[in-house]
Structure formats: structure tokens, C-alpha cells
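Enquirer: I have a structure I would like to understand better, so I am pasting it below and will then ask my questions one at a time.
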Amino acid sequence: MPYRIVQVDPRRPFREPGASRDEVVFVRSGILCNYKMDSGDRRQIVALRFQGEGILPHGGAAPYGLQAIVRSEAIVGRGDDFTAILESSTDLQRYFRQVLQRNEAISYEWLINCGRRDSVARVAHLLCETAIRSGARGRNPSRMTNPFTQQQIADITGQTSVNVNRVFADLERQGLIQRKGREILFEDWPEMQR
């Protein structure tokens, strides 16, 4: 499939909400997010895409924008080219059906996260998910580099950045994590997952 590699700077829209989006985007490095604006022009990050993950063609105006969490590289191809390749291979169709089911499961977890979990559980869930999806080693990762600002975590978990700061202090007080700059050490991975 013909494609181009695009450098995406963090915290600036890569694609605006409402723009026509007949393209496929794969994250070559970094992290991209899908975001929506509410009626008060507040941003809610509604999905993350890590290295190797993609954003499929929307066909028409997309109701969400795209933005980088950290400096990222994206592979961008035409939606029509991607669709033609997909239609020619039942193996690829099966693979992308699994990808869509995985993304749907993640979306349901995010819905529960913002709708029912308390503020500490919301951040703990995000940290656990990020550790696993960003490729932290093993089933019980011991550490990860936090790619998010406090405002980004607030925009993902439906909180204020001030509350996110309190949650991190609480997680440290409980002995669940330890922060060293941007590095997060998981002191009790099973409890973080719980």
C-alpha cells in the first residue's frame, strides 16, 4: 500500500474533529489519541493507539480528532488502497475483525472507568493498561515511563489535573507505585490490577 511517514508533534491536533478522514493511520512510534470536544470546548481523550496499532478509515467527516501524546511517527495511507487490500484477503479481514473486537473491549473498559470507578481506580487502570500496551516486560511489569502529562491523564479519566496529582500522591502513600521523574515503579502490581 502506498503510504507516507508523518512526524506528529505532541499536544497539537494532527487531525481536527469533523475533517474528512478517508485514510488509514498506523502508529510507527509514540502514542496517538482520539479525542472529542464537549459543548464547553473541553477535551475528552476517548482512545489511545500505541506503536503498531492503527486508526481505520472513517469514510466522511470523523467526529473525533487525532493528536499525539508524545512525539510520534505515523504511517498514513489512503483509505481506498487499504480497503482494496483488505477485500482481497480473508486472513487480513479476520485479523482486523480481531483488532476491532479488541478495540471494542478496551472501549467498554474505558466506559466503565469513567462511569463507575473512583478516581484512584481510574488512574490505576490507565497505568496498568499503558504498561501492558506499551510493551512493558512480562505479565507483572515492574516499571514504565509515564508518557502522559497530568492534564492528559485528566482528559482520559474525566478528572481535573489537580485531582490527578492527588491520586498519584495517594497511590504512592498506599505503596502501590513510586515515582522517579517520569518513571513509575510498580511496587504492588497485583493490587494495582485489582
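Residues are named by chain letter and number: chains run A, B, ... in the order of the C-alpha cells, numbers start at 1 in each chain, and ligands are numbered from 1 in the order shown.
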Stretch 2-76 of chain A near stretch 101-121 of chain A within 10 Å: what's each residue's closest atom pair and its distance in Å to one decimal, counting only C-alpha atoms, ordered by chain then ascending residue number, as JSON lines?

Expert:
```
{"residue": "A:Val46", "atom": "CA", "partner": "A:Trp110", "partner_atom": "CA", "distance": 7.9}
{"residue": "A:Ala47", "atom": "CA", "partner": "A:Ser107", "partner_atom": "CA", "distance": 7.3}
{"residue": "A:Leu48", "atom": "CA", "partner": "A:Ile106", "partner_atom": "CA", "distance": 9.6}
{"residue": "A:Arg49", "atom": "CA", "partner": "A:Asn103", "partner_atom": "CA", "distance": 9.6}
{"residue": "A:Glu53", "atom": "CA", "partner": "A:Asn103", "partner_atom": "CA", "distance": 9.9}
```

Enquirer: If DSSP is run on the backbone, what residues of stretch 45-186 of chain A are helix (DSSP H, G or I)? A reply as a PyMOL selection string would be ideal.

Expert: chain A and resi 79-87+90-115+119-133+150-157+161-173

Enquirer: DSSP on the backbone, then: every residue of stretch 10-87 of chain A marked strand (DSSP E), written as a short mmCIF file (atom, residue, chain, number, x, y, z; two decimals) with all heavy atoms, in the first residue's frame.

Expert:
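The resulting file, selection-v8.cif, is reproduced below:
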```cif
data_model
loop_
_atom_site.label_atom_id
_atom_site.label_comp_id
_atom_site.auth_asym_id
_atom_site.auth_seq_id
_atom_site.Cartn_x
_atom_site.Cartn_y
_atom_site.Cartn_z
N PRO A 13 -3.23 19.33 17.52
CA PRO A 13 -4.06 18.44 16.70
C PRO A 13 -3.34 18.00 15.42
O PRO A 13 -2.74 18.81 14.72
CB PRO A 13 -5.29 19.28 16.37
CG PRO A 13 -5.36 20.29 17.48
CD PRO A 13 -3.92 20.59 17.84
N PHE A 14 -3.40 16.71 15.17
CA PHE A 14 -2.87 16.12 13.95
C PHE A 14 -3.98 16.10 12.90
O PHE A 14 -3.76 16.38 11.74
CB PHE A 14 -2.35 14.72 14.27
CG PHE A 14 -1.97 13.88 13.09
CD1 PHE A 14 -1.08 14.34 12.13
CD2 PHE A 14 -2.49 12.61 12.94
CE1 PHE A 14 -0.72 13.55 11.04
CE2 PHE A 14 -2.13 11.80 11.87
CZ PHE A 14 -1.25 12.27 10.93
N ARG A 15 -5.18 15.77 13.34
CA ARG A 15 -6.40 15.84 12.53
C ARG A 15 -7.49 16.43 13.40
O ARG A 15 -7.71 15.97 14.52
CB ARG A 15 -6.84 14.45 12.04
CG ARG A 15 -5.84 13.74 11.16
CD ARG A 15 -5.75 14.43 9.79
NE ARG A 15 -4.95 13.67 8.84
CZ ARG A 15 -3.68 13.95 8.54
NH1 ARG A 15 -3.07 14.95 9.13
NH2 ARG A 15 -3.04 13.23 7.64
N GLU A 23 -8.59 7.88 5.29
CA GLU A 23 -7.20 7.45 5.38
C GLU A 23 -7.08 6.40 6.48
O GLU A 23 -7.93 6.29 7.36
CB GLU A 23 -6.29 8.64 5.71
CG GLU A 23 -6.58 9.27 7.06
CD GLU A 23 -5.81 10.55 7.33
OE1 GLU A 23 -5.08 11.02 6.44
OE2 GLU A 23 -5.95 11.08 8.43
N VAL A 24 -6.02 5.63 6.40
CA VAL A 24 -5.69 4.68 7.46
C VAL A 24 -4.39 5.19 8.08
O VAL A 24 -3.51 5.69 7.38
CB VAL A 24 -5.55 3.24 6.90
CG1 VAL A 24 -4.44 3.14 5.87
CG2 VAL A 24 -5.34 2.25 8.02
N VAL A 25 -4.33 5.14 9.40
CA VAL A 25 -3.17 5.66 10.12
C VAL A 25 -2.66 4.55 11.05
O VAL A 25 -3.44 3.98 11.82
CB VAL A 25 -3.53 6.90 10.97
CG1 VAL A 25 -2.33 7.40 11.76
CG2 VAL A 25 -4.10 8.00 10.09
N PHE A 26 -1.39 4.23 10.94
CA PHE A 26 -0.76 3.29 11.87
C PHE A 26 0.32 4.01 12.64
O PHE A 26 1.05 4.83 12.08
CB PHE A 26 -0.16 2.09 11.11
CG PHE A 26 -1.18 1.19 10.50
CD1 PHE A 26 -1.48 1.28 9.16
CD2 PHE A 26 -1.87 0.27 11.28
CE1 PHE A 26 -2.45 0.47 8.59
CE2 PHE A 26 -2.83 -0.55 10.72
CZ PHE A 26 -3.12 -0.46 9.38
N VAL A 27 0.42 3.72 13.92
CA VAL A 27 1.43 4.36 14.76
C VAL A 27 2.75 3.61 14.59
O VAL A 27 2.85 2.43 14.93
CB VAL A 27 1.00 4.36 16.25
CG1 VAL A 27 2.05 5.04 17.10
CG2 VAL A 27 -0.36 5.01 16.41
N ARG A 28 3.72 4.29 14.04
CA ARG A 28 5.05 3.69 13.84
C ARG A 28 5.87 3.80 15.12
O ARG A 28 6.61 2.89 15.48
CB ARG A 28 5.75 4.40 12.69
CG ARG A 28 7.05 3.78 12.31
CD ARG A 28 7.59 4.40 11.06
NE ARG A 28 8.77 3.70 10.61
CZ ARG A 28 9.62 4.20 9.77
NH1 ARG A 28 9.42 5.39 9.24
NH2 ARG A 28 10.68 3.52 9.41
N SER A 29 5.74 4.93 15.81
CA SER A 29 6.38 5.10 17.12
C SER A 29 5.58 6.14 17.88
O SER A 29 4.91 6.99 17.29
CB SER A 29 7.84 5.56 16.97
OG SER A 29 7.91 6.85 16.40
N ILE A 31 2.65 7.51 20.68
CA ILE A 31 1.25 7.23 21.05
C ILE A 31 0.37 8.32 20.45
O ILE A 31 0.63 9.51 20.64
CB ILE A 31 1.05 7.24 22.59
CG1 ILE A 31 2.00 6.27 23.29
CG2 ILE A 31 -0.40 6.91 22.95
CD1 ILE A 31 2.01 6.41 24.80
N LEU A 32 -0.67 7.91 19.75
CA LEU A 32 -1.68 8.84 19.26
C LEU A 32 -2.94 8.66 20.07
O LEU A 32 -3.17 7.59 20.63
CB LEU A 32 -2.01 8.59 17.78
CG LEU A 32 -0.89 8.81 16.76
CD1 LEU A 32 -1.41 8.52 15.35
CD2 LEU A 32 -0.33 10.21 16.84
N CYS A 33 -3.76 9.71 20.13
CA CYS A 33 -5.05 9.59 20.80
C CYS A 33 -6.16 10.12 19.91
O CYS A 33 -5.93 10.97 19.06
CB CYS A 33 -5.05 10.33 22.14
SG CYS A 33 -5.07 12.13 22.03
N ASN A 34 -7.34 9.56 20.10
CA ASN A 34 -8.57 10.10 19.52
C ASN A 34 -9.19 10.95 20.62
O ASN A 34 -9.22 10.54 21.78
CB ASN A 34 -9.56 9.00 19.15
CG ASN A 34 -9.06 8.09 18.07
OD1 ASN A 34 -7.89 8.09 17.72
ND2 ASN A 34 -9.95 7.27 17.55
N TYR A 35 -9.68 12.12 20.26
CA TYR A 35 -10.32 12.99 21.26
C TYR A 35 -11.58 13.61 20.69
O TYR A 35 -11.75 13.72 19.48
CB TYR A 35 -9.36 14.08 21.75
CG TYR A 35 -9.05 15.13 20.71
CD1 TYR A 35 -9.80 16.30 20.63
CD2 TYR A 35 -8.01 14.96 19.81
CE1 TYR A 35 -9.53 17.27 19.67
CE2 TYR A 35 -7.74 15.92 18.84
CZ TYR A 35 -8.50 17.06 18.78
OH TYR A 35 -8.23 18.01 17.83
N LYS A 36 -12.47 13.97 21.59
CA LYS A 36 -13.70 14.69 21.23
C LYS A 36 -13.79 15.91 22.13
O LYS A 36 -13.26 15.91 23.24
CB LYS A 36 -14.93 13.80 21.44
CG LYS A 36 -15.03 12.68 20.41
CD LYS A 36 -16.35 11.98 20.47
CE LYS A 36 -17.41 12.90 20.01
NZ LYS A 36 -18.39 12.45 19.10
N MET A 37 -14.46 16.92 21.66
CA MET A 37 -14.70 18.13 22.44
C MET A 37 -16.14 18.11 22.91
O MET A 37 -17.04 17.71 22.17
CB MET A 37 -14.43 19.38 21.61
CG MET A 37 -13.04 19.44 20.99
SD MET A 37 -11.68 19.37 22.17
CE MET A 37 -11.79 20.99 22.87
N ARG A 43 -11.76 18.99 26.26
CA ARG A 43 -11.32 17.79 25.53
C ARG A 43 -11.49 16.55 26.39
O ARG A 43 -11.18 16.54 27.58
CB ARG A 43 -9.85 17.95 25.14
CG ARG A 43 -9.30 16.77 24.38
CD ARG A 43 -7.89 16.98 24.01
NE ARG A 43 -7.07 16.94 25.22
CZ ARG A 43 -5.77 16.78 25.24
NH1 ARG A 43 -5.12 16.68 24.10
NH2 ARG A 43 -5.10 16.76 26.36
N GLN A 44 -11.96 15.47 25.78
CA GLN A 44 -12.00 14.15 26.40
C GLN A 44 -11.24 13.22 25.46
O GLN A 44 -11.60 13.07 24.30
CB GLN A 44 -13.44 13.65 26.57
CG GLN A 44 -13.54 12.23 27.13
CD GLN A 44 -13.22 12.16 28.61
OE1 GLN A 44 -13.59 13.04 29.39
NE2 GLN A 44 -12.51 11.12 29.01
N ILE A 45 -10.18 12.61 25.97
CA ILE A 45 -9.46 11.62 25.18
C ILE A 45 -10.27 10.32 25.25
O ILE A 45 -10.55 9.83 26.35
CB ILE A 45 -8.02 11.43 25.69
CG1 ILE A 45 -7.23 12.74 25.47
CG2 ILE A 45 -7.34 10.25 24.99
CD1 ILE A 45 -5.83 12.75 26.04
N VAL A 46 -10.66 9.80 24.09
CA VAL A 46 -11.57 8.66 24.07
C VAL A 46 -10.90 7.36 23.62
O VAL A 46 -11.51 6.29 23.73
CB VAL A 46 -12.81 8.94 23.18
CG1 VAL A 46 -13.65 10.08 23.78
CG2 VAL A 46 -12.41 9.26 21.75
N ALA A 47 -9.67 7.42 23.14
CA ALA A 47 -8.95 6.20 22.75
C ALA A 47 -7.48 6.50 22.61
O ALA A 47 -7.09 7.63 22.26
CB ALA A 47 -9.50 5.65 21.44
N LEU A 48 -6.66 5.50 22.87
CA LEU A 48 -5.22 5.59 22.67
C LEU A 48 -4.81 4.56 21.62
O LEU A 48 -5.38 3.47 21.56
CB LEU A 48 -4.46 5.31 23.97
CG LEU A 48 -4.66 6.29 25.11
CD1 LEU A 48 -3.99 5.77 26.37
CD2 LEU A 48 -4.12 7.66 24.74
N ARG A 49 -3.81 4.91 20.83
CA ARG A 49 -3.23 3.97 19.89
C ARG A 49 -1.72 3.98 20.10
O ARG A 49 -1.06 5.01 19.95
CB ARG A 49 -3.57 4.34 18.44
CG ARG A 49 -5.05 4.24 18.12
CD ARG A 49 -5.55 2.79 18.19
NE ARG A 49 -6.95 2.68 17.87
CZ ARG A 49 -7.92 2.56 18.80
NH1 ARG A 49 -7.62 2.54 20.08
NH2 ARG A 49 -9.17 2.45 18.43
N PHE A 50 -1.19 2.82 20.44
CA PHE A 50 0.23 2.64 20.72
C PHE A 50 0.95 2.14 19.46
O PHE A 50 0.31 1.81 18.46
CB PHE A 50 0.42 1.65 21.87
CG PHE A 50 -0.03 2.18 23.20
CD1 PHE A 50 -1.37 2.14 23.57
CD2 PHE A 50 0.88 2.74 24.09
CE1 PHE A 50 -1.79 2.64 24.79
CE2 PHE A 50 0.46 3.24 25.31
CZ PHE A 50 -0.87 3.20 25.66
N GLY A 54 -3.51 0.89 14.90
CA GLY A 54 -3.98 1.74 13.82
C GLY A 54 -5.32 2.39 14.07
O GLY A 54 -6.04 2.05 15.01
N ILE A 55 -5.61 3.34 13.21
CA ILE A 55 -6.89 4.03 13.17
C ILE A 55 -7.42 3.82 11.76
O ILE A 55 -6.82 4.28 10.78
CB ILE A 55 -6.73 5.53 13.51
CG1 ILE A 55 -6.13 5.66 14.91
CG2 ILE A 55 -8.07 6.25 13.39
CD1 ILE A 55 -5.50 6.99 15.20
N GLY A 65 -11.02 13.99 16.79
CA GLY A 65 -9.75 14.47 16.29
C GLY A 65 -8.65 13.50 16.66
O GLY A 65 -8.84 12.60 17.48
N LEU A 66 -7.48 13.68 16.05
CA LEU A 66 -6.29 12.88 16.37
C LEU A 66 -5.20 13.80 16.86
O LEU A 66 -5.03 14.91 16.34
CB LEU A 66 -5.79 12.13 15.14
CG LEU A 66 -6.72 11.11 14.49
CD1 LEU A 66 -6.06 10.51 13.25
CD2 LEU A 66 -7.08 10.02 15.47
N GLN A 67 -4.47 13.33 17.84
CA GLN A 67 -3.40 14.13 18.42
C GLN A 67 -2.35 13.17 18.97
O GLN A 67 -2.67 12.04 19.33
CB GLN A 67 -3.99 14.97 19.55
CG GLN A 67 -3.07 15.99 20.13
CD GLN A 67 -3.83 16.90 21.08
OE1 GLN A 67 -5.03 17.11 20.97
NE2 GLN A 67 -3.12 17.44 22.04
N ALA A 68 -1.11 13.61 19.05
CA ALA A 68 -0.05 12.79 19.64
C ALA A 68 0.05 13.08 21.13
O ALA A 68 -0.07 14.22 21.56
CB ALA A 68 1.28 13.09 18.96
N SER A 72 5.56 11.51 17.90
CA SER A 72 5.23 10.23 17.30
C SER A 72 5.48 10.25 15.80
O SER A 72 5.60 11.32 15.19
CB SER A 72 3.74 9.91 17.53
OG SER A 72 3.44 9.90 18.91
N GLU A 73 5.56 9.06 15.23
CA GLU A 73 5.60 8.90 13.79
C GLU A 73 4.39 8.07 13.38
O GLU A 73 4.09 7.05 14.01
CB GLU A 73 6.86 8.15 13.35
CG GLU A 73 8.01 9.02 13.03
CD GLU A 73 9.15 8.23 12.39
OE1 GLU A 73 9.11 6.99 12.31
OE2 GLU A 73 10.09 8.89 11.97
N ALA A 74 3.73 8.52 12.34
CA ALA A 74 2.55 7.81 11.85
C ALA A 74 2.76 7.43 10.39
O ALA A 74 3.39 8.16 9.62
CB ALA A 74 1.31 8.68 11.98
N ILE A 75 2.25 6.26 10.04
CA ILE A 75 2.21 5.82 8.65
C ILE A 75 0.79 6.11 8.17
O ILE A 75 -0.17 5.63 8.76
CB ILE A 75 2.53 4.32 8.55
CG1 ILE A 75 3.95 4.06 9.04
CG2 ILE A 75 2.32 3.82 7.12
CD1 ILE A 75 4.29 2.60 9.20
N VAL A 76 0.68 6.92 7.13
CA VAL A 76 -0.64 7.34 6.63
C VAL A 76 -0.80 6.87 5.19
O VAL A 76 0.04 7.15 4.34
CB VAL A 76 -0.80 8.87 6.71
CG1 VAL A 76 -2.16 9.30 6.20
CG2 VAL A 76 -0.55 9.37 8.13
N GLY A 77 -1.90 6.14 4.96
CA GLY A 77 -2.21 5.67 3.61
C GLY A 77 -3.65 6.03 3.26
O GLY A 77 -4.44 6.38 4.13
N ARG A 78 -3.98 5.90 2.00
CA ARG A 78 -5.34 6.20 1.55
C ARG A 78 -6.29 5.09 1.98
O ARG A 78 -5.96 3.91 1.89
CB ARG A 78 -5.37 6.35 0.04
CG ARG A 78 -4.72 7.60 -0.49
CD ARG A 78 -4.79 7.64 -1.99
NE ARG A 78 -5.70 6.60 -2.47
CZ ARG A 78 -6.57 6.74 -3.45
NH1 ARG A 78 -6.65 7.84 -4.10
NH2 ARG A 78 -7.36 5.76 -3.82
#
```

Enquirer: Report, in Å to a single decimal, how far apart atom CA of A:Ser134 and atom CA of A:Gln178 are.

Expert: 18.9 Å

Enquirer: Taking 4 positions as the minimum chain separation for residues in the same chain, which residues sit within 8 Å of A:Arg21 when counting only C-alpha atoms? Answer as a PyMOL selection string.

Expert: chain A and resi 57-62

Enquirer: Grab the atom CA of A:Pro10 to atom CA of A:Trp189 distance for me, in Å with one decimal place.

Expert: 29.0 Å

Enquirer: Can you pull out every residue within 12 Å of A:Leu185, counting only C-alpha atoms, but drop anything in the same chain fewer than 4 positions away, and send it as a short mmCIF file (atom, residue, chain, number, x, y, z; two decimals) with N, CA and C atoms, in the first residue's frame?

Expert:
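As a result, selection21.cif now contains:
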```cif
data_model
loop_
_atom_site.label_atom_id
_atom_site.label_comp_id
_atom_site.auth_asym_id
_atom_site.auth_seq_id
_atom_site.Cartn_x
_atom_site.Cartn_y
_atom_site.Cartn_z
N LEU A 127 -2.76 3.33 34.12
CA LEU A 127 -1.34 2.97 34.24
C LEU A 127 -1.12 1.50 33.89
N CYS A 128 -1.99 0.62 34.37
CA CYS A 128 -1.86 -0.81 34.05
C CYS A 128 -2.02 -1.05 32.55
N ALA A 131 1.07 0.24 30.68
CA ALA A 131 2.23 -0.64 30.86
C ALA A 131 2.14 -1.84 29.93
N ALA A 136 5.63 -3.16 28.21
CA ALA A 136 6.41 -3.43 29.42
C ALA A 136 6.61 -4.94 29.53
N ASN A 140 3.86 -9.21 34.91
CA ASN A 140 3.90 -8.34 36.08
C ASN A 140 4.98 -7.29 35.88
N PRO A 141 4.69 -6.28 35.09
CA PRO A 141 5.72 -5.26 34.83
C PRO A 141 6.15 -4.58 36.13
N SER A 142 7.41 -4.28 36.22
CA SER A 142 7.91 -3.63 37.44
C SER A 142 8.04 -2.12 37.26
N ARG A 143 8.08 -1.66 36.03
CA ARG A 143 8.26 -0.22 35.79
C ARG A 143 7.81 0.17 34.39
N MET A 144 7.58 1.46 34.23
CA MET A 144 7.31 2.02 32.90
C MET A 144 7.61 3.50 32.94
N THR A 145 7.84 4.07 31.78
CA THR A 145 7.98 5.51 31.65
C THR A 145 6.59 6.07 31.41
N ASN A 146 6.18 7.03 32.25
CA ASN A 146 4.87 7.64 32.11
C ASN A 146 4.89 8.60 30.92
N LEU A 171 -1.64 6.95 45.52
CA LEU A 171 -1.07 5.68 45.07
C LEU A 171 0.30 5.45 45.69
N GLU A 172 1.08 6.53 45.82
CA GLU A 172 2.39 6.41 46.46
C GLU A 172 2.24 6.14 47.96
N GLY A 175 1.63 2.68 48.82
CA GLY A 175 2.72 1.76 48.50
C GLY A 175 2.51 1.00 47.20
N LEU A 176 1.66 1.51 46.32
CA LEU A 176 1.38 0.83 45.06
C LEU A 176 2.37 1.21 43.96
N ILE A 177 2.79 2.47 43.96
CA ILE A 177 3.77 2.94 42.98
C ILE A 177 4.80 3.81 43.68
N GLN A 178 5.88 4.03 42.95
CA GLN A 178 6.88 5.00 43.36
C GLN A 178 7.27 5.76 42.09
N ARG A 179 7.33 7.07 42.18
CA ARG A 179 7.69 7.88 41.01
C ARG A 179 9.12 8.39 41.14
N LYS A 180 9.84 8.28 40.03
CA LYS A 180 11.18 8.86 39.92
C LYS A 180 11.21 9.62 38.60
N GLY A 181 10.89 10.91 38.68
CA GLY A 181 10.73 11.70 37.45
C GLY A 181 9.54 11.15 36.68
N TRP A 189 2.05 -4.80 41.80
CA TRP A 189 1.33 -4.95 40.54
C TRP A 189 -0.03 -5.63 40.71
N MET A 192 -2.42 -3.12 42.02
CA MET A 192 -2.74 -2.12 41.00
C MET A 192 -3.79 -2.68 40.04
#
```

Enquirer: Looking at only C-alpha atoms, which of A:Thr83, A:Pro63, A:Leu92, A:Val162 is the one that sits closest to A:Pro17?

Expert: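 When distances to A:Pro17 are compared using only C-alpha atoms, the smallest one comes from A:Pro63.
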
Enquirer: Record the distance separating atom CA of A:Gln193 and atom CA of A:Ala124, expressed in Å with one decimal.

Expert: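 One can read the atom CA of A:Gln193 to atom CA of A:Ala124 distance as 7.3 Å.
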
Enquirer: Considering only C-alpha atoms, state which residue in the set A:Gly79, A:Gln174, A:Thr149, A:Val70 is at the smallest distance from A:Phe186.

Expert: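 Distance minimum relative to A:Phe186 lands on A:Gln174.
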